[in-house]
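Below: start37.cif (mmCIF, C-alpha atoms)
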data_query
loop_
_atom_site.group_PDB
_atom_site.id
_atom_site.type_symbol
_atom_site.label_atom_id
_atom_site.label_comp_id
_atom_site.auth_asym_id
_atom_site.auth_seq_id
_atom_site.Cartn_x
_atom_site.Cartn_y
_atom_site.Cartn_z
ATOM 1 C CA MET A 201 0.000 0.000 0.000
ATOM 2 C CA THR A 202 1.437 3.367 -1.001
ATOM 3 C CA ARG A 203 0.415 6.873 -0.087
ATOM 4 C CA LYS A 204 1.432 10.386 -1.105
ATOM 5 C CA PRO A 205 3.277 12.649 1.346
ATOM 6 C CA ASN A 206 1.042 14.946 3.397
ATOM 7 C CA VAL A 207 1.580 18.717 3.915
ATOM 8 C CA PHE A 208 3.806 18.222 6.977
ATOM 9 C CA GLN A 209 5.955 15.688 5.136
ATOM 10 C CA LYS A 210 6.298 17.988 2.111
ATOM 11 C CA ARG A 211 7.549 20.732 4.456
ATOM 12 C CA LEU A 212 10.126 18.305 5.835
ATOM 13 C CA HIS A 213 11.140 17.557 2.244
ATOM 14 C CA ARG A 214 11.944 21.237 1.705
ATOM 15 C CA ILE A 215 14.308 21.148 4.685
ATOM 16 C CA LEU A 216 15.929 17.989 3.362
ATOM 17 C CA MET A 217 16.521 19.676 0.000
ATOM 18 C CA LEU A 218 18.858 22.227 1.602
ATOM 19 C CA ARG A 219 22.366 21.495 0.364
ATOM 20 C CA PRO A 220 24.023 21.022 3.801
ATOM 21 C CA ILE A 221 21.228 18.705 4.969
ATOM 22 C CA THR A 222 21.385 16.665 1.768
ATOM 23 C CA ALA A 223 25.175 16.394 2.059
ATOM 24 C CA PHE A 224 24.860 15.160 5.644
ATOM 25 C CA ALA A 225 22.000 12.734 4.958
ATOM 26 C CA ALA A 226 23.297 11.295 1.679
ATOM 27 C CA SER A 227 25.746 8.878 3.224
ATOM 28 C CA ARG A 228 23.770 8.179 6.397
ATOM 29 C CA VAL A 229 20.077 7.689 5.622
ATOM 30 C CA GLN A 230 20.477 4.217 4.115
ATOM 31 C CA HIS A 231 22.485 2.984 7.117
ATOM 32 C CA ILE A 232 19.988 4.445 9.580
ATOM 33 C CA ASP A 233 17.076 2.873 7.689
ATOM 34 C CA GLN A 234 18.864 -0.498 7.598
ATOM 35 C CA ALA A 235 19.403 -0.386 11.372
ATOM 36 C CA ILE A 236 15.789 0.567 12.085
ATOM 37 C CA LEU A 237 14.514 -2.098 9.681
ATOM 38 C CA LYS A 238 16.582 -4.647 11.566
ATOM 39 C CA LEU A 239 15.366 -3.439 14.979
ATOM 40 C CA THR A 240 11.715 -3.433 13.894
ATOM 41 C CA ARG A 241 11.981 -6.708 11.977
ATOM 42 C CA GLY A 242 11.405 -5.021 8.625
ATOM 43 C CA LYS A 243 8.362 -2.979 9.666
ATOM 44 C CA PHE A 244 9.568 0.652 9.856
ATOM 45 C CA THR A 245 12.131 3.125 8.522
ATOM 46 C CA ILE A 246 12.940 6.766 9.200
ATOM 47 C CA SER A 247 12.242 7.538 5.544
ATOM 48 C CA GLU A 248 8.612 6.438 5.929
ATOM 49 C CA ILE A 249 8.085 9.339 8.343
ATOM 50 C CA LEU A 250 8.842 11.546 5.350
ATOM 51 C CA GLY A 251 6.046 9.916 3.371
ATOM 52 C CA TRP A 252 8.327 7.875 1.169
ATOM 53 C CA ASN A 253 7.451 4.301 0.267
ATOM 54 C CA ILE A 254 10.444 2.214 1.244
ATOM 55 C CA ILE A 255 11.231 -1.166 -0.258
ATOM 56 C CA GLN A 256 14.054 -3.499 0.591
ATOM 57 C CA LEU A 257 15.795 -4.355 -2.667
ATOM 58 C CA THR A 258 18.022 -7.414 -2.867
ATOM 59 C CA THR A 259 20.306 -7.531 -5.867
ATOM 60 C CA LYS A 260 23.319 -9.584 -6.841
ATOM 61 C CA GLY A 261 26.582 -7.617 -6.767
ATOM 62 C CA ALA A 262 27.742 -6.616 -10.241
ATOM 63 C CA ARG A 263 31.296 -7.840 -9.627
ATOM 64 C CA THR A 264 30.987 -10.072 -6.563
ATOM 65 C CA ASN A 265 27.742 -11.920 -7.363
ATOM 66 C CA GLN A 266 27.039 -11.662 -3.614
ATOM 67 C CA PRO A 267 23.536 -10.665 -2.437
ATOM 68 C CA ARG A 268 23.157 -7.001 -1.495
ATOM 69 C CA THR A 269 20.083 -5.696 0.332
ATOM 70 C CA MET A 270 19.317 -2.023 0.782
ATOM 71 C CA PRO A 271 16.292 0.132 1.598
ATOM 72 C CA LEU A 272 15.258 2.393 -1.285
ATOM 73 C CA VAL A 273 12.459 4.798 -2.104
ATOM 74 C CA GLY A 274 10.052 3.159 -4.549
ATOM 75 C CA VAL A 275 7.702 4.976 -6.913
ATOM 76 C CA PHE A 276 4.749 2.670 -7.453
ATOM 77 C CA ASP A 277 2.804 2.265 -10.672
ATOM 78 C CA ASP A 278 0.346 -0.595 -10.124
ATOM 79 C CA GLU A 279 2.610 -3.669 -9.902
ATOM 80 C CA LYS A 280 5.680 -1.871 -11.266
ATOM 81 C CA ILE A 281 8.172 -0.062 -9.057
ATOM 82 C CA ALA A 282 10.422 2.721 -10.342
ATOM 83 C CA LEU A 283 13.729 3.431 -8.615
ATOM 84 C CA ILE A 284 15.471 6.764 -9.152
ATOM 85 C CA ALA A 285 19.266 6.429 -9.198
ATOM 86 C CA SER A 286 19.836 10.001 -8.018
ATOM 87 C CA SER A 287 22.341 9.174 -5.276
ATOM 88 C CA PHE A 288 21.338 12.524 -3.736
ATOM 89 C CA GLY A 289 22.849 14.321 -6.747
ATOM 90 C CA ARG A 290 26.327 12.998 -6.047
ATOM 91 C CA GLU A 291 28.977 12.424 -8.715
ATOM 92 C CA TYR A 292 28.274 8.746 -9.438
ATOM 93 C CA ASN A 293 25.270 6.489 -9.831
ATOM 94 C CA PRO A 294 24.544 4.311 -6.786
ATOM 95 C CA GLY A 295 25.915 0.778 -6.604
ATOM 96 C CA TRP A 296 22.490 -0.834 -6.793
ATOM 97 C CA TYR A 297 22.056 0.666 -10.280
ATOM 98 C CA TYR A 298 25.141 -1.170 -11.571
ATOM 99 C CA ASN A 299 24.015 -4.328 -9.785
ATOM 100 C CA LEU A 300 20.638 -4.238 -11.574
ATOM 101 C CA LYS A 301 22.288 -3.500 -14.922
ATOM 102 C CA ALA A 302 24.535 -6.552 -14.514
ATOM 103 C CA HIS A 303 21.891 -8.805 -12.919
ATOM 104 C CA PRO A 304 18.319 -7.588 -13.613
ATOM 105 C CA ASP A 305 16.670 -10.311 -11.487
ATOM 106 C CA CYS A 306 16.036 -9.016 -7.976
ATOM 107 C CA GLU A 307 13.851 -9.449 -4.918
ATOM 108 C CA VAL A 308 11.687 -6.774 -3.317
ATOM 109 C CA GLN A 309 10.298 -6.806 0.197
ATOM 110 C CA LEU A 310 7.457 -4.465 1.096
ATOM 111 C CA ASN A 311 5.092 -4.600 4.047
ATOM 112 C CA GLY A 312 6.228 -8.079 5.032
ATOM 113 C CA ARG A 313 5.738 -9.505 1.543
ATOM 114 C CA SER A 314 8.410 -10.348 -0.964
ATOM 115 C CA GLY A 315 8.411 -10.895 -4.684
ATOM 116 C CA THR A 316 10.786 -11.522 -7.549
ATOM 117 C CA TYR A 317 11.188 -8.771 -10.137
ATOM 118 C CA ILE A 318 13.131 -8.092 -13.292
ATOM 119 C CA ALA A 319 14.629 -4.651 -13.890
ATOM 120 C CA HIS A 320 15.133 -2.556 -16.992
ATOM 121 C CA GLU A 321 16.316 0.992 -17.478
ATOM 122 C CA ALA A 322 13.606 3.421 -18.532
ATOM 123 C CA ALA A 323 14.153 5.578 -21.612
ATOM 124 C CA GLY A 324 12.218 8.130 -23.643
ATOM 125 C CA GLU A 325 8.570 8.611 -22.697
ATOM 126 C CA GLU A 326 8.746 5.919 -20.027
ATOM 127 C CA TYR A 327 11.643 7.756 -18.367
ATOM 128 C CA GLN A 328 9.792 11.083 -18.474
ATOM 129 C CA ARG A 329 6.648 9.534 -17.024
ATOM 130 C CA TYR A 330 8.421 7.945 -14.059
ATOM 131 C CA TRP A 331 10.598 11.002 -13.498
ATOM 132 C CA GLN A 332 7.483 13.198 -13.242
ATOM 133 C CA MET A 333 5.845 10.707 -10.878
ATOM 134 C CA ALA A 334 8.945 10.761 -8.664
ATOM 135 C CA VAL A 335 9.135 14.566 -8.610
ATOM 136 C CA SER A 336 5.435 14.754 -7.672
ATOM 137 C CA TRP A 337 6.331 12.733 -4.543
ATOM 138 C CA TYR A 338 9.604 14.482 -3.779
ATOM 139 C CA GLU A 339 10.685 17.755 -5.412
ATOM 140 C CA GLY A 340 14.246 17.083 -4.296
ATOM 141 C CA TYR A 341 14.792 14.889 -7.336
ATOM 142 C CA ASP A 342 14.804 18.027 -9.504
ATOM 143 C CA ARG A 343 17.446 19.539 -7.217
ATOM 144 C CA TYR A 344 19.503 16.372 -7.433
ATOM 145 C CA LYS A 345 19.274 16.578 -11.220
ATOM 146 C CA GLN A 346 20.750 20.085 -11.079
ATOM 147 C CA CYS A 347 23.579 18.941 -8.782
ATOM 148 C CA ALA A 348 24.277 15.944 -11.006
ATOM 149 C CA ALA A 349 24.112 17.911 -14.258
ATOM 150 C CA HIS A 350 27.321 16.155 -15.350
ATOM 151 C CA ARG A 351 25.493 12.807 -15.513
ATOM 152 C CA HIS A 352 22.142 11.374 -16.525
ATOM 153 C CA ILE A 353 20.109 10.179 -13.515
ATOM 154 C CA PRO A 354 18.806 6.725 -14.474
ATOM 155 C CA VAL A 355 15.390 5.365 -13.641
ATOM 156 C CA MET A 356 15.163 1.595 -13.177
ATOM 157 C CA VAL A 357 11.748 -0.039 -13.530
ATOM 158 C CA LEU A 358 11.047 -3.282 -11.699
ATOM 159 C CA GLU A 359 8.337 -5.544 -13.077
ATOM 160 C CA PRO A 360 7.031 -8.651 -11.331
ATOM 161 C CA LYS A 361 8.623 -11.757 -12.756
ATOM 162 C CA THR A 362 6.075 -14.229 -14.070
#
Target format structure tokens, applied to this file:
Amino acid sequence: MTRKPNVFQKRLHRILMLRPITAFAASRVQHIDQAILKLTRGKFTISEILGWNIIQLTTKGARTNQPRTMPLVGVFDDEKIALIASSFGREYNPGWYYNLKAHPDCEVQLNGRSGTYIAHEAAGEEYQRYWQMAVSWYEGYDRYKQCAAHRHIPVMVLEPKT
């Protein structure tokens, strides 16, 4: 079940979009969410307070072939899930992006349920559609795009594997 951020959460988003806050949070939020997920047995994250829909994505490492699990913000479109590889506007794409490019099969956990998905990189109209959906949930993505003007911010789309 997904929901859009409320007015309070959108105000928190504006604070998070401030450059010093983003710089501080970029390398810490994932680790904090992982710790809270572990403590709450996969039920809660800090990011959910912000109105973001958090999934736990398990990929296979691009070089190591070892399983990697991380909490990520998911943009939901019926059964599909879009992941924005913004990396908070930093210089490089996040590791999970390269993992999905090398090994598109992945597992997603959400609300105590898990499923197997296959990933592909969005392009053209599909990219624009998911990008606009993401920005409607969190305006910070547009700021990240400005910070990362030297690179294209990929959007990965996960579809349930049949």
Quick one: contact table of segment 339-358 of chain A to segment 307-320 of chain A, 6 Å max, nearest atom pair and distance in Å to one decimal per residue, counting only C-alpha atoms, chain and number order, as a Markdown table?
| residue | atom | partner | partner_atom | distance |
| --- | --- | --- | --- | --- |
| A:Met356 | CA | A:His320 | CA | 5.6 |
| A:Val357 | CA | A:Ala319 | CA | 5.4 |
| A:Leu358 | CA | A:Ala319 | CA | 4.4 |
Quick one: write out the picked residues with C-alpha atoms as a PDB file, keeping the file's coordinate frame?
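Once everything was written out, this is result_0.pdb:
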ATOM      1  CA  MET A 356      15.163   1.595 -13.177  1.00  0.00           C
ATOM      2  CA  VAL A 357      11.748  -0.039 -13.530  1.00  0.00           C
ATOM      3  CA  LEU A 358      11.047  -3.282 -11.699  1.00  0.00           C
TER       4      LEU A 358
END
Discussion item. Residue by residue, what does the PyMOL selection byres ((chain A and resi 280) around 9) grab here? Present the result as a PyMOL selection string.
Written reply: chain A and resi 275-279+281-282+317+357-360
Discussion item. I need the output of the PyMOL selection byres ((chain A and resi 255) around 8) for this file as a list of chain:residue names; which residues are they?
Written reply: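 Residues picked by the PyMOL selection byres ((chain A and resi 255) around 8): A:Asn253, A:Ile254, A:Gln256, A:Leu257, A:Pro271, A:Leu272, A:Val273, A:Gly274, A:Val308, A:Gln309, A:Leu310.
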Item to complete: Can you work out which one of A:Ser286, A:Gln234, A:Thr259, A:Gln266 has the shortest atom-to-atom distance to Cys347 of chain A, counting only C-alpha atoms?
Response: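 That would be A:Ser286, the residue with the smallest distance to Cys347 of chain A.
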Practice prompt. Just give me the gap between atom CA of Lys301 of chain A and atom CA of Lys238 of chain A in Å, one decimal is fine.
Written response: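 According to the coordinates, atom CA of Lys301 of chain A and atom CA of Lys238 of chain A are separated by 27.1 Å.
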Discussion item. My list of candidates is A:Asp233, A:Met270, A:Ala285, A:Tyr297. Which is closest to Trp331 of chain A when distances are computed with only C-alpha atoms?
Written reply: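 Ranking A:Asp233, A:Met270, A:Ala285, A:Tyr297 by distance to Trp331 of chain A, first place goes to A:Ala285.
With distances restricted to all atoms listed in the file, A:Ile284 is the closest residue to Pro354 of chain A from A:Ile284, A:Cys306, A:Gly340, A:Leu300.
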Practice prompt. For each of A:Asn293, A:Gln332, A:Ser287, A:Asn299, take the minimum atom-to-atom distance to Arg268 of chain A, counting only C-alpha atoms, then give the residue where this is smallest.
Written response: A:Asn299
Item to complete: Carefully work through the PyMOL selection byres ((chain A and resi 288-291) around 8) for this structure and note down the residues it includes, as a list in words.
Response: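 Checked against the file, the PyMOL selection byres ((chain A and resi 288-291) around 8) matches Thr222, Ala223, Ala226, Ser286, Ser287, Tyr292, Asn293, Tyr341, Arg343, Tyr344, Lys345, Gln346, Cys347, Ala348, His350 and Arg351 of chain A.
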Worksheet item: Of the candidates A:Val355, A:Asp342, A:Gly295, A:Val335, which one gets nearest to Ala323 of chain A if we count only C-alpha atoms?
Response: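 For Ala323 of chain A, the nearest of the given residues is A:Val355.
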Box dimensions and centre (Å, one decimal) enclosing segment 286-289 of chain A, axis-aligned, 3 Å extra per side, as lines of an AutoDock Vina configuration file:
center_x = 21.3
center_y = 11.7
center_z = -5.9
size_x = 9.0
size_y = 11.1
size_z = 10.3
Fill in: Distance in Å - atom CA of Asp305 of chain A versus atom CA of Ala322 of chain A
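Separation of atom CA of Asp305 of chain A and atom CA of Ala322 of chain A: 15.7 Å.
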Discussion item. Between atom CA of Ala334 of chain A and atom CA of Leu283 of chain A, what distance in Å does the model show, to one decimal?
Written reply: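 Pair atom CA of Ala334 of chain A / atom CA of Leu283 of chain A returns 8.8 Å.
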